[in-house]
$ cat protein07.cif   # mmCIF, C-alpha atoms and all ligand atoms
data_input
loop_
_atom_site.label_atom_id
_atom_site.label_comp_id
_atom_site.auth_asym_id
_atom_site.auth_seq_id
_atom_site.Cartn_x
_atom_site.Cartn_y
_atom_site.Cartn_z
CA MET A 4 16.85 -18.67 -21.86
CA GLU A 5 14.35 -17.16 -24.29
CA ARG A 6 13.58 -13.48 -24.26
CA GLN A 7 11.02 -12.62 -21.63
CA HIS A 8 7.69 -11.58 -23.16
CA ILE A 9 6.79 -8.22 -21.62
CA ILE A 10 3.69 -6.15 -22.25
CA PHE A 11 4.04 -2.46 -21.35
CA SER A 12 0.42 -1.78 -20.74
CA ASN A 13 -1.78 1.25 -20.76
CA ASN A 14 -4.83 -0.97 -20.74
CA LEU A 15 -4.81 -3.86 -18.29
CA GLY A 16 -7.89 -5.50 -19.81
CA GLU A 17 -6.28 -5.78 -23.23
CA ALA A 18 -2.92 -6.82 -21.81
CA LEU A 19 -4.49 -9.59 -19.73
CA ALA A 20 -6.65 -10.80 -22.61
CA GLU A 21 -3.48 -11.19 -24.70
CA ALA A 22 -1.57 -12.91 -21.90
CA VAL A 23 -4.31 -15.22 -20.67
CA GLY A 24 -5.58 -16.36 -24.07
CA SER A 25 -8.22 -19.05 -23.83
CA ASP A 26 -7.10 -20.39 -20.44
CA ASN A 27 -9.96 -20.64 -18.01
CA SER A 28 -8.60 -22.21 -14.84
CA ILE A 29 -7.00 -19.15 -13.35
CA PHE A 30 -5.52 -18.43 -9.92
CA ILE A 31 -4.47 -14.98 -8.75
CA LEU A 32 -1.81 -14.78 -6.05
CA THR A 33 -1.74 -11.62 -3.92
CA ASP A 34 -0.35 -10.56 -0.56
CA GLN A 35 -2.53 -8.74 1.98
CA ASN A 36 -1.54 -5.34 0.59
CA THR A 37 -1.85 -6.09 -3.10
CA HIS A 38 -5.16 -7.84 -2.37
CA GLN A 39 -6.42 -4.55 -1.00
CA LEU A 40 -4.63 -2.00 -3.19
CA CYS A 41 -3.93 -3.68 -6.54
CA LEU A 42 -6.60 -6.30 -7.15
CA PRO A 43 -9.30 -3.59 -7.51
CA LEU A 44 -7.51 -2.37 -10.67
CA LEU A 45 -8.34 -5.73 -12.28
CA ALA A 46 -12.06 -5.50 -11.43
CA GLY A 47 -14.36 -6.10 -14.36
CA ILE A 48 -11.75 -7.65 -16.65
CA SER A 49 -13.71 -10.46 -18.26
CA CYS A 50 -10.91 -12.93 -19.09
CA ILE A 51 -10.22 -13.41 -15.38
CA ASN A 52 -13.86 -13.65 -14.31
CA GLY A 53 -14.21 -16.48 -11.83
CA ALA A 54 -10.49 -16.66 -11.05
CA HIS A 55 -9.67 -18.03 -7.59
CA GLU A 56 -7.65 -15.72 -5.39
CA ILE A 57 -4.92 -17.03 -3.08
CA ILE A 58 -3.68 -14.55 -0.47
CA ILE A 59 -0.41 -14.77 1.46
CA ASP A 60 1.07 -12.54 4.18
CA ALA A 61 2.98 -9.46 3.01
CA GLY A 62 6.69 -8.85 3.51
CA ASP A 63 9.89 -10.79 2.98
CA THR A 64 9.39 -12.74 6.23
CA ALA A 65 6.51 -14.48 4.41
CA LYS A 66 8.75 -15.55 1.51
CA THR A 67 8.92 -19.06 2.91
CA LEU A 68 8.15 -22.68 2.17
CA ASP A 69 5.21 -22.31 4.60
CA SER A 70 3.66 -19.74 2.27
CA CYS A 71 4.38 -22.05 -0.67
CA ASP A 72 2.69 -24.85 1.22
CA HIS A 73 -0.37 -22.63 1.53
CA VAL A 74 -0.30 -21.81 -2.21
CA TRP A 75 0.16 -25.45 -3.26
CA SER A 76 -2.62 -26.55 -0.86
CA GLN A 77 -5.02 -23.94 -2.21
CA LEU A 78 -4.21 -24.89 -5.81
CA GLY A 79 -4.92 -28.51 -4.99
CA ALA A 80 -8.07 -27.82 -3.01
CA GLN A 81 -9.51 -25.62 -5.78
CA GLY A 82 -8.90 -28.24 -8.43
CA ALA A 83 -5.90 -26.75 -10.26
CA THR A 84 -4.51 -28.97 -13.05
CA ARG A 85 -1.37 -28.84 -15.16
CA ARG A 86 -3.31 -26.58 -17.52
CA SER A 87 -4.10 -24.01 -14.86
CA LEU A 88 -2.57 -20.56 -14.95
CA MET A 89 -1.32 -18.49 -12.05
CA ILE A 90 -1.22 -14.70 -12.09
CA ASN A 91 1.22 -13.24 -9.56
CA LEU A 92 0.02 -9.79 -8.58
CA GLY A 93 2.48 -8.08 -6.27
CA GLY A 94 6.01 -6.97 -5.55
CA GLY A 95 9.13 -9.08 -5.90
CA MET A 96 8.15 -11.21 -2.93
CA VAL A 97 4.93 -12.35 -4.62
CA THR A 98 6.45 -12.74 -8.10
CA ASP A 99 9.46 -14.71 -6.77
CA LEU A 100 7.38 -16.97 -4.52
CA GLY A 101 4.50 -17.31 -6.94
CA GLY A 102 6.87 -18.12 -9.78
CA PHE A 103 8.49 -20.83 -7.69
CA ALA A 104 5.19 -22.28 -6.44
CA ALA A 105 3.83 -22.37 -10.02
CA SER A 106 7.06 -23.84 -11.44
CA THR A 107 6.92 -26.76 -9.04
CA PHE A 108 3.18 -27.49 -8.76
CA LYS A 109 2.47 -30.69 -10.73
CA ARG A 110 5.95 -30.22 -12.28
CA GLY A 111 5.13 -26.74 -13.43
CA ILE A 112 2.15 -24.68 -14.50
CA SER A 113 2.25 -21.43 -16.48
CA PHE A 114 2.36 -18.13 -14.69
CA ILE A 115 2.04 -14.46 -15.53
CA ASN A 116 3.70 -11.73 -13.47
CA ILE A 117 2.05 -8.40 -12.83
CA PRO A 118 4.66 -6.54 -10.76
CA THR A 119 3.12 -3.83 -8.58
CA THR A 120 6.24 -2.25 -7.03
CA LEU A 121 8.85 -0.29 -8.93
CA LEU A 122 11.55 -2.72 -7.78
CA ALA A 123 9.62 -5.69 -9.12
CA MET A 124 8.92 -3.90 -12.42
CA VAL A 125 12.52 -2.99 -13.20
CA ASP A 126 14.34 -5.85 -11.53
CA ALA A 127 12.50 -8.90 -10.18
CA SER A 128 10.22 -9.32 -13.20
CA VAL A 129 13.04 -9.98 -15.68
CA GLY A 130 15.71 -12.65 -15.53
CA GLY A 131 13.74 -15.77 -14.69
CA LYS A 132 14.86 -16.09 -11.07
CA THR A 133 12.18 -17.45 -8.74
CA GLY A 134 12.48 -18.69 -5.18
CA VAL A 135 12.00 -18.45 -1.45
CA ASN A 136 14.18 -17.80 1.58
CA PHE A 137 15.27 -20.88 3.50
CA GLY A 138 17.38 -21.65 6.58
CA GLY A 139 18.01 -17.96 7.19
CA LEU A 140 19.38 -17.47 3.66
CA LYS A 141 17.77 -15.26 1.03
CA ASN A 142 16.51 -16.97 -2.11
CA GLU A 143 18.19 -20.22 -1.08
CA ILE A 144 15.62 -22.47 -2.78
CA GLY A 145 14.36 -21.73 -6.26
CA VAL A 146 14.50 -22.32 -9.99
CA PHE A 147 15.17 -20.33 -13.13
CA ARG A 148 11.91 -20.08 -15.07
CA ASN A 149 10.43 -17.30 -17.15
CA ALA A 150 6.88 -16.15 -16.71
CA ARG A 151 4.72 -16.72 -19.79
CA CYS A 152 4.37 -12.98 -19.84
CA VAL A 153 5.06 -9.95 -17.64
CA ILE A 154 2.60 -7.07 -17.67
CA ILE A 155 4.04 -3.75 -16.57
CA ASP A 156 1.75 -0.87 -15.73
CA THR A 157 3.00 1.99 -13.56
CA ASN A 158 -0.59 2.90 -12.58
CA PHE A 159 -0.15 0.38 -9.77
CA LEU A 160 2.45 2.72 -8.26
CA SER A 161 -0.10 5.38 -7.27
CA THR A 162 -0.46 3.63 -3.88
CA MET A 163 3.24 3.01 -3.34
CA ASP A 164 4.98 4.72 -0.39
CA ARG A 165 7.99 7.00 -0.93
CA ASP A 166 10.59 4.63 0.57
CA ASN A 167 9.60 1.66 -1.59
CA LEU A 168 9.43 3.87 -4.67
CA LEU A 169 12.94 5.19 -4.01
CA SER A 170 14.15 1.65 -3.38
CA GLY A 171 13.12 0.59 -6.88
CA TYR A 172 14.47 3.82 -8.33
CA ALA A 173 17.98 2.92 -7.13
CA GLU A 174 17.96 -0.10 -9.44
CA MET A 175 16.85 2.21 -12.25
CA LEU A 176 19.80 4.50 -11.50
CA LYS A 177 22.04 1.45 -11.71
CA HIS A 178 20.56 0.51 -15.08
CA GLY A 179 21.10 4.10 -16.25
CA LEU A 180 24.75 4.06 -15.15
CA ILE A 181 25.50 0.81 -16.99
CA SER A 182 23.67 1.87 -20.17
CA ASN A 183 24.10 5.34 -21.65
CA LEU A 184 24.34 9.05 -20.95
CA PRO A 185 20.80 10.16 -21.95
CA THR A 186 19.15 7.46 -19.83
CA TRP A 187 21.30 8.37 -16.83
CA ALA A 188 20.67 12.11 -17.30
CA ALA A 189 16.90 11.61 -17.60
CA LEU A 190 16.91 9.68 -14.31
CA LEU A 191 18.74 12.47 -12.46
CA ASN A 192 16.32 15.06 -13.89
CA PHE A 193 13.12 13.17 -13.10
CA ASP A 194 11.02 14.35 -10.13
CA ILE A 195 10.83 11.06 -8.25
CA GLU A 196 9.23 12.81 -5.24
CA HIS A 197 6.16 13.70 -7.35
CA PRO A 198 6.36 11.13 -10.11
CA ASN A 199 4.45 11.56 -13.33
CA LEU A 200 3.45 7.91 -13.78
CA LYS A 201 3.11 8.16 -17.55
CA GLU A 202 6.63 9.47 -17.89
CA LEU A 203 7.83 6.91 -15.40
CA GLN A 204 6.26 4.15 -17.52
CA ARG A 205 8.51 5.14 -20.44
CA MET A 206 11.57 5.21 -18.20
CA VAL A 207 10.69 1.82 -16.71
CA GLU A 208 10.42 0.44 -20.23
CA GLU A 209 13.95 1.61 -20.98
CA SER A 210 15.24 0.31 -17.68
CA VAL A 211 13.76 -3.15 -18.19
CA GLU A 212 15.30 -3.20 -21.66
CA VAL A 213 18.76 -2.67 -20.11
CA LYS A 214 18.34 -5.63 -17.77
CA GLN A 215 16.75 -7.78 -20.47
CA ARG A 216 19.67 -7.18 -22.84
CA ILE A 217 22.26 -8.11 -20.23
CA VAL A 218 20.40 -11.19 -19.01
CA MET A 219 19.97 -12.43 -22.59
CA GLU A 220 23.71 -12.20 -23.20
CA ASP A 221 24.62 -13.93 -19.95
CA PRO A 222 21.66 -15.79 -18.44
CA HIS A 223 23.63 -17.68 -15.77
CA GLU A 224 25.89 -14.96 -14.43
CA HIS A 225 29.23 -16.00 -15.92
CA GLY A 226 30.34 -12.55 -17.04
CA LEU A 227 28.40 -9.54 -18.25
CA ARG A 228 25.49 -10.16 -15.89
CA LYS A 229 27.86 -9.00 -13.14
CA ALA A 230 27.26 -5.50 -14.53
CA LEU A 231 23.98 -5.72 -12.65
CA ASN A 232 26.01 -6.07 -9.48
CA LEU A 233 27.09 -2.42 -9.62
CA GLY A 234 26.46 -0.86 -6.20
CA HIS A 235 25.72 -4.24 -4.68
CA THR A 236 29.08 -5.21 -3.13
CA LEU A 237 28.92 -2.25 -0.74
CA GLY A 238 25.12 -2.22 -0.86
CA HIS A 239 24.65 -5.80 0.34
CA ALA A 240 27.09 -5.23 3.21
CA ILE A 241 25.27 -2.04 4.24
CA GLU A 242 21.93 -3.86 4.02
CA SER A 243 23.19 -6.82 6.09
CA LEU A 244 24.76 -4.56 8.73
CA ALA A 245 21.51 -2.61 9.07
CA MET A 246 19.68 -5.91 9.52
CA GLU A 247 22.17 -7.05 12.20
CA GLN A 248 21.75 -3.76 14.02
CA GLN A 249 18.00 -4.24 13.98
CA ARG A 250 17.24 -1.22 11.88
CA PRO A 251 16.50 -2.90 8.55
CA MET A 252 17.05 -0.82 5.42
CA LEU A 253 15.22 -1.37 2.14
CA HIS A 254 17.42 -3.13 -0.41
CA GLY A 255 17.34 -0.29 -2.92
CA LYS A 256 18.30 2.34 -0.36
CA ALA A 257 21.37 0.29 0.56
CA VAL A 258 22.12 -0.07 -3.17
CA ALA A 259 21.88 3.71 -3.59
CA PHE A 260 24.62 4.16 -0.98
CA GLY A 261 26.52 1.30 -2.59
CA LEU A 262 26.35 3.11 -5.94
CA MET A 263 27.80 6.23 -4.34
CA GLY A 264 30.77 4.31 -2.94
CA GLU A 265 31.37 2.21 -6.03
CA LEU A 266 31.26 5.25 -8.32
CA TYR A 267 33.85 6.81 -6.03
CA LEU A 268 36.02 3.70 -6.47
CA SER A 269 35.36 3.83 -10.21
CA THR A 270 36.64 7.41 -10.30
CA VAL A 271 39.76 6.59 -8.30
CA LYS A 272 40.58 3.31 -10.03
CA ARG A 273 39.00 3.37 -13.50
CA GLY A 274 38.92 7.06 -14.36
CA PHE A 275 35.13 7.45 -14.21
CA PRO A 276 34.44 11.19 -14.75
CA ALA A 277 34.45 12.95 -11.37
CA ASP A 278 31.67 15.41 -12.30
CA ARG A 279 29.24 12.60 -13.18
CA MET A 280 30.19 10.78 -10.00
CA ARG A 281 29.45 13.93 -7.97
CA GLN A 282 26.14 14.62 -9.74
CA THR A 283 24.99 11.09 -9.01
CA ALA A 284 26.15 11.32 -5.39
CA THR A 285 24.29 14.61 -4.92
CA PHE A 286 21.09 13.05 -6.27
CA ILE A 287 21.46 10.11 -3.91
CA ARG A 288 22.22 12.29 -0.86
CA THR A 289 19.22 14.53 -1.65
CA HIS A 290 16.71 11.70 -1.92
CA TYR A 291 18.13 8.87 0.18
CA GLY A 292 19.65 10.95 2.98
CA GLN A 293 22.46 9.86 5.24
CA PRO A 294 23.49 6.23 5.85
CA SER A 295 23.27 4.91 9.40
CA PHE A 296 26.73 3.30 9.71
CA THR A 297 29.77 4.96 11.33
CA CYS A 298 33.53 4.34 11.02
CA ASP A 299 33.26 1.91 13.95
CA ASP A 300 31.27 -0.32 11.60
CA TYR A 301 33.98 -0.49 8.92
CA PRO A 302 35.57 -3.77 10.14
CA ARG A 303 32.20 -5.52 10.14
CA LEU A 304 31.28 -4.09 6.72
CA LEU A 305 34.59 -5.37 5.32
CA GLU A 306 33.95 -8.77 6.86
CA LEU A 307 30.50 -8.91 5.28
CA MET A 308 32.00 -8.00 1.90
CA THR A 309 34.68 -10.66 2.24
CA HIS A 310 32.00 -13.30 2.76
CA ASP A 311 29.81 -12.16 -0.14
CA LYS A 312 28.90 -15.18 -2.27
CA LYS A 313 29.64 -13.20 -5.45
CA ASN A 314 33.40 -13.16 -4.70
CA THR A 315 35.52 -15.36 -6.94
CA GLY A 316 38.52 -15.97 -4.69
CA ASN A 317 40.63 -12.91 -5.61
CA GLY A 318 39.46 -10.73 -2.77
CA ILE A 319 36.35 -8.59 -2.75
CA ASN A 320 34.74 -8.44 -6.19
CA PHE A 321 33.44 -5.14 -7.56
CA THR A 322 31.82 -4.07 -10.79
CA MET A 323 33.20 -0.65 -11.75
CA LEU A 324 32.72 1.80 -14.59
CA SER A 325 35.27 3.76 -16.59
CA ASN A 326 32.38 5.88 -17.88
CA ILE A 327 28.61 5.69 -18.11
CA GLY A 328 27.93 2.48 -20.02
CA SER A 329 31.59 1.32 -19.93
CA ILE A 330 31.59 -1.67 -17.62
CA ASP A 331 34.65 -3.27 -15.96
CA ILE A 332 33.67 -6.47 -14.15
CA ASN A 333 35.83 -8.44 -11.70
CA GLN A 334 37.62 -5.45 -10.15
CA THR A 335 39.13 -5.44 -6.69
CA ALA A 336 40.06 -2.73 -4.20
CA THR A 337 42.34 -2.55 -1.17
CA GLN A 338 41.01 -2.17 2.34
CA ALA A 339 42.20 1.44 2.42
CA GLU A 340 40.38 2.23 -0.83
CA ILE A 341 37.18 0.61 0.41
CA GLU A 342 37.37 2.60 3.65
CA GLU A 343 37.80 5.79 1.62
CA ALA A 344 34.69 4.86 -0.35
CA LEU A 345 32.78 4.34 2.91
CA ASP A 346 34.01 7.77 4.10
CA PHE A 347 32.74 9.22 0.84
CA ILE A 348 29.28 7.67 1.36
CA ARG A 349 29.11 9.24 4.84
CA GLU A 350 30.66 12.60 4.13
CA ALA A 351 30.27 13.54 0.47
N1 LIG A 401 13.88 -12.40 -9.08
C1 LIG A 401 14.74 -11.41 -9.11
O1 LIG A 401 15.55 -11.30 -10.02
C2 LIG A 401 14.70 -10.40 -8.03
C3 LIG A 401 15.37 -9.17 -8.20
C4 LIG A 401 15.27 -8.22 -7.19
C5 LIG A 401 14.53 -8.50 -6.03
N2 LIG A 401 13.91 -9.70 -5.91
C6 LIG A 401 13.11 -10.01 -4.71
O2 LIG A 401 12.06 -9.05 -4.63
C7 LIG A 401 11.72 -8.85 -3.26
C8 LIG A 401 11.68 -7.38 -3.01
O3 LIG A 401 10.75 -6.79 -3.90
P1 LIG A 401 9.73 -5.68 -3.43
O4 LIG A 401 10.46 -4.52 -2.92
O5 LIG A 401 8.77 -5.50 -4.53
O6 LIG A 401 9.10 -6.37 -2.14
P2 LIG A 401 7.62 -6.76 -1.72
O7 LIG A 401 6.97 -7.64 -2.69
O8 LIG A 401 7.77 -7.29 -0.34
O9 LIG A 401 6.87 -5.35 -1.71
C9 LIG A 401 7.17 -4.33 -0.76
C10 LIG A 401 5.91 -3.89 -0.01
O10 LIG A 401 5.05 -3.17 -0.88
C11 LIG A 401 3.72 -3.72 -0.85
N3 LIG A 401 3.13 -3.41 -2.15
C12 LIG A 401 3.24 -4.09 -3.30
N4 LIG A 401 2.66 -3.42 -4.31
C13 LIG A 401 2.15 -2.29 -3.79
C14 LIG A 401 1.44 -1.17 -4.32
N5 LIG A 401 1.18 -1.09 -5.63
N6 LIG A 401 1.07 -0.19 -3.48
C15 LIG A 401 1.37 -0.24 -2.16
N7 LIG A 401 2.05 -1.26 -1.60
C16 LIG A 401 2.44 -2.27 -2.40
C17 LIG A 401 3.92 -5.15 -0.52
O11 LIG A 401 2.76 -5.74 0.01
C18 LIG A 401 5.06 -5.08 0.49
O12 LIG A 401 4.55 -4.75 1.75
C19 LIG A 401 12.75 -9.60 -2.44
O13 LIG A 401 12.18 -10.81 -2.01
C20 LIG A 401 13.87 -9.86 -3.42
O14 LIG A 401 14.59 -11.04 -3.12
C21 LIG A 401 13.98 -10.64 -6.87
ZN ZN A 402 19.44 -5.12 -6.24
#
$ encode --input "protein07.cif" --output "structure tokens" --more "lines below"
Ligand SMILES: NC(=O)c1ccc[n+]([C@@H]2O[C@H](COP(=O)([O-])OP(=O)(O)OC[C@H]3O[C@@H](n4cnc5c(N)ncnc54)[C@H](O)[C@@H]3O)[C@@H](O)[C@H]2O)c1
Ligand SMILES: [Zn+2]
Amino acid sequence: MERQHIIFSNNLGEALAEAVGSDNSIFILTDQNTHQLCLPLLAGISCINGAHEIIIDAGDTAKTLDSCDHVWSQLGAQGATRRSLMINLGGGMVTDLGGFAASTFKRGISFINIPTTLLAMVDASVGGKTGVNFGGLKNEIGVFRNARCVIIDTNFLSTMDRDNLLSGYAEMLKHGLISNLPTWAALLNFDIEHPNLKELQRMVEESVEVKQRIVMEDPHEHGLRKALNLGHTLGHAIESLAMEQQRPMLHGKAVAFGLMGELYLSTVKRGFPADRMRQTATFIRTHYGQPSFTCDDYPRLLELMTHDKKNTGNGINFTMLSNIGSIDINQTATQAEIEEALDFIREA
């Protein structure tokens, strides 16, 4: 997979002019929220004058083939050709679905992603994964395909709510932990409750670079890309349990708790420095609060982890760290150790 072309923008007009080039059959995909809150930031940009907008429902429940059907139908009805260009303006739901719809329409048209949530900026926009949910399974249908270009501009985040902002920030914390000490320290010192968007733009740039580097080395998840799974073995189980108990939790919040538990395991099993583990845990407790599971939920959480599709057959698969930036993939832990980690998430 080639390196993803990313423009870190402080001027959307210039960034779009560079990305769009001389294309003139342009479609902009939004969801109801980004239609209202994000599209206005593109007003007056001449290279997208006359673009057709396609709007889908917001939220992951709309990440379906039905929404794709709507996008494909609109493209067809408005005369899209193989030379048309789609601009996906939204969070990870819109960029994933839009990327898939564009990649399959007439065997594939070009698309540009403009991620408008922090999660989409630092995670969904890089790596070439597109897709939709299907048959009750997340991202079951999709293709690997890079956007022609990704434009990242944190000015879109001025309308983002606290929970969604924190959700994306958890993936940034993960990128900090798997990269280097200064990046990690800057993340813990940043005031995410009152974010300075200019400063955040620089941190996002660094964070995207971490993911980009790892994806380039291992595009199809054979080895190093598992580093990106840090926090996700526990995190996915916590997220799924919350869903089962009908109190859904944002992905990144579950990952934040997952990071707490997996750093604890890293300290116990790989010698990760205890002070750095505690500093990270304190940050997470302060901003993400208390998890909603109790010790009665441990058996179900363990069951969910056992059935995680990322396991390779040698028990539950974890990515651990022996220090910040020192990654140990394909680690396992005993049931007792995992339960201790869950205790730590609840009680630290
Ligand atoms: N492709 C990948 O590698 C990858 C990686 C991580 C996540 N994902 C996918 O991304 C999705 C989650 O991403 P997400 O959290 O961005 O979800 P999302 O797109 O559903 O956005 C969350 C909410 O924020 C709203 N929103 C978007 N931009 C806004 C803004 N600037 N201001 C106010 N509200 C705004 C959306 O309308 C939505 O209601 C999932 O579908 C997940 O599978 C994909
Ligand atoms: Zn994640």
$ residues_near_ligand --input "protein07.cif" --ligand "ligand LIG 401 (chain A)" --cutoff "8 Å" --atoms "all atoms listed in the file" --output "PyMOL selection string"
chain A and resi 34-37+40-41+61-63+66+93-99+118-123+126-135+141-142+159-164+167+170-171+253-254
$ residues_near_ligand --input "protein07.cif" --ligand "ligand ZN 402 (chain A)" --cutoff "8 Å" --atoms "only C-alpha atoms and all ligand atoms" --output "PyMOL selection string"
chain A and resi 126+174+231-232+235+254-255+258
$ residues_around --input "protein07.cif" --residues "segment 207-210 of chain A" --least-positions-apart "3" --cutoff "12 Å" --atoms "all atoms listed in the file" --output "VMD selection string"
chain A and resid 9 to 12 118 120 to 126 128 to 129 153 to 157 160 171 to 183 185 to 187 189 to 190 200 to 204 213 to 217 231
$ residues_around --input "protein07.cif" --residues "segment 20-28 of chain A" --least-positions-apart "3" --cutoff "9 Å" --atoms "only C-alpha atoms" --output "PyMOL selection string"
chain A and resi 10+15-17+48-55+82-84+86-89+115+151-154
$ atom_distance --input "protein07.cif" --atom1 "atom CA of Ala257 of chain A" --atom2 "atom CA of Gln7 of chain A"
27.7 Å
$ atom_distance --input "protein07.cif" --atom1 "atom CA of Thr309 of chain A" --atom2 "atom CA of Thr335 of chain A"
11.3 Å
$ closest_residue --input "protein07.cif" --among "A:Thr315, A:Asn91, A:Thr67, A:Asn158" --to "Leu140 of chain A" --atoms "only C-alpha atoms"
A:Thr67
$ atom_distance --input "protein07.cif" --atom1 "atom CA of Asp278 of chain A" --atom2 "atom CA of Glu350 of chain A"
16.7 Å
$ residues_around --input "protein07.cif" --residues "Gln334 of chain A" --least-positions-apart "5" --cutoff "12 Å" --atoms "only C-alpha atoms" --output "ChimeraX atom specification"
/A:229-230,232-233,236,265,268-269,272-273,314-325
$ build_atoms --input "protein07.cif" --residues "segment 320-336 of chain A" --atoms "N, CA, C and O atoms" --output "PDB file, in the coordinates of the input"
ATOM      1  N   ASN A 320      35.024  -8.671  -4.768  1.00  0.00           N
ATOM      2  CA  ASN A 320      34.740  -8.440  -6.190  1.00  0.00           C
ATOM      3  C   ASN A 320      33.813  -7.232  -6.389  1.00  0.00           C
ATOM      4  O   ASN A 320      32.748  -7.154  -5.786  1.00  0.00           O
ATOM      5  N   PHE A 321      34.260  -6.308  -7.236  1.00  0.00           N
ATOM      6  CA  PHE A 321      33.440  -5.140  -7.560  1.00  0.00           C
ATOM      7  C   PHE A 321      33.189  -5.072  -9.063  1.00  0.00           C
ATOM      8  O   PHE A 321      34.029  -5.478  -9.858  1.00  0.00           O
ATOM      9  N   THR A 322      32.032  -4.506  -9.415  1.00  0.00           N
ATOM     10  CA  THR A 322      31.820  -4.070 -10.790  1.00  0.00           C
ATOM     11  C   THR A 322      32.065  -2.570 -10.785  1.00  0.00           C
ATOM     12  O   THR A 322      31.525  -1.867  -9.934  1.00  0.00           O
ATOM     13  N   MET A 323      32.927  -2.103 -11.686  1.00  0.00           N
ATOM     14  CA  MET A 323      33.200  -0.650 -11.750  1.00  0.00           C
ATOM     15  C   MET A 323      32.903  -0.148 -13.152  1.00  0.00           C
ATOM     16  O   MET A 323      32.629  -0.918 -14.068  1.00  0.00           O
ATOM     17  N   LEU A 324      32.977   1.164 -13.290  1.00  0.00           N
ATOM     18  CA  LEU A 324      32.720   1.800 -14.590  1.00  0.00           C
ATOM     19  C   LEU A 324      33.886   2.720 -14.927  1.00  0.00           C
ATOM     20  O   LEU A 324      34.401   3.412 -14.042  1.00  0.00           O
ATOM     21  N   SER A 325      34.289   2.744 -16.196  1.00  0.00           N
ATOM     22  CA  SER A 325      35.270   3.760 -16.590  1.00  0.00           C
ATOM     23  C   SER A 325      34.544   4.962 -17.195  1.00  0.00           C
ATOM     24  O   SER A 325      35.139   6.018 -17.375  1.00  0.00           O
ATOM     25  N   ASN A 326      33.259   4.770 -17.501  1.00  0.00           N
ATOM     26  CA  ASN A 326      32.380   5.880 -17.880  1.00  0.00           C
ATOM     27  C   ASN A 326      30.958   5.342 -17.825  1.00  0.00           C
ATOM     28  O   ASN A 326      30.759   4.143 -17.588  1.00  0.00           O
ATOM     29  N   ILE A 327      29.983   6.190 -18.083  1.00  0.00           N
ATOM     30  CA  ILE A 327      28.610   5.690 -18.110  1.00  0.00           C
ATOM     31  C   ILE A 327      28.493   4.707 -19.280  1.00  0.00           C
ATOM     32  O   ILE A 327      28.863   5.031 -20.411  1.00  0.00           O
ATOM     33  N   GLY A 328      28.056   3.504 -18.985  1.00  0.00           N
ATOM     34  CA  GLY A 328      27.930   2.480 -20.020  1.00  0.00           C
ATOM     35  C   GLY A 328      29.201   1.700 -20.312  1.00  0.00           C
ATOM     36  O   GLY A 328      29.172   0.745 -21.079  1.00  0.00           O
ATOM     37  N   SER A 329      30.342   2.069 -19.709  1.00  0.00           N
ATOM     38  CA  SER A 329      31.590   1.320 -19.930  1.00  0.00           C
ATOM     39  C   SER A 329      31.892   0.490 -18.684  1.00  0.00           C
ATOM     40  O   SER A 329      32.355   1.018 -17.669  1.00  0.00           O
ATOM     41  N   ILE A 330      31.619  -0.803 -18.798  1.00  0.00           N
ATOM     42  CA  ILE A 330      31.590  -1.670 -17.620  1.00  0.00           C
ATOM     43  C   ILE A 330      32.873  -2.462 -17.473  1.00  0.00           C
ATOM     44  O   ILE A 330      33.347  -3.082 -18.428  1.00  0.00           O
ATOM     45  N   ASP A 331      33.469  -2.441 -16.269  1.00  0.00           N
ATOM     46  CA  ASP A 331      34.650  -3.270 -15.960  1.00  0.00           C
ATOM     47  C   ASP A 331      34.263  -4.241 -14.842  1.00  0.00           C
ATOM     48  O   ASP A 331      34.182  -3.838 -13.679  1.00  0.00           O
ATOM     49  N   ILE A 332      34.025  -5.508 -15.198  1.00  0.00           N
ATOM     50  CA  ILE A 332      33.670  -6.470 -14.150  1.00  0.00           C
ATOM     51  C   ILE A 332      34.933  -7.034 -13.506  1.00  0.00           C
ATOM     52  O   ILE A 332      36.045  -6.816 -13.989  1.00  0.00           O
ATOM     53  N   ASN A 333      34.739  -7.764 -12.404  1.00  0.00           N
ATOM     54  CA  ASN A 333      35.830  -8.440 -11.700  1.00  0.00           C
ATOM     55  C   ASN A 333      36.970  -7.512 -11.286  1.00  0.00           C
ATOM     56  O   ASN A 333      38.136  -7.815 -11.482  1.00  0.00           O
ATOM     57  N   GLN A 334      36.623  -6.378 -10.687  1.00  0.00           N
ATOM     58  CA  GLN A 334      37.620  -5.450 -10.150  1.00  0.00           C
ATOM     59  C   GLN A 334      37.780  -5.710  -8.655  1.00  0.00           C
ATOM     60  O   GLN A 334      36.880  -6.257  -8.013  1.00  0.00           O
ATOM     61  N   THR A 335      38.936  -5.324  -8.136  1.00  0.00           N
ATOM     62  CA  THR A 335      39.130  -5.440  -6.690  1.00  0.00           C
ATOM     63  C   THR A 335      39.591  -4.084  -6.154  1.00  0.00           C
ATOM     64  O   THR A 335      39.950  -3.195  -6.919  1.00  0.00           O
ATOM     65  N   ALA A 336      39.590  -3.963  -4.837  1.00  0.00           N
ATOM     66  CA  ALA A 336      40.060  -2.730  -4.200  1.00  0.00           C
ATOM     67  C   ALA A 336      40.732  -3.102  -2.888  1.00  0.00           C
ATOM     68  O   ALA A 336      40.399  -4.133  -2.296  1.00  0.00           O
TER      69      ALA A 336
END
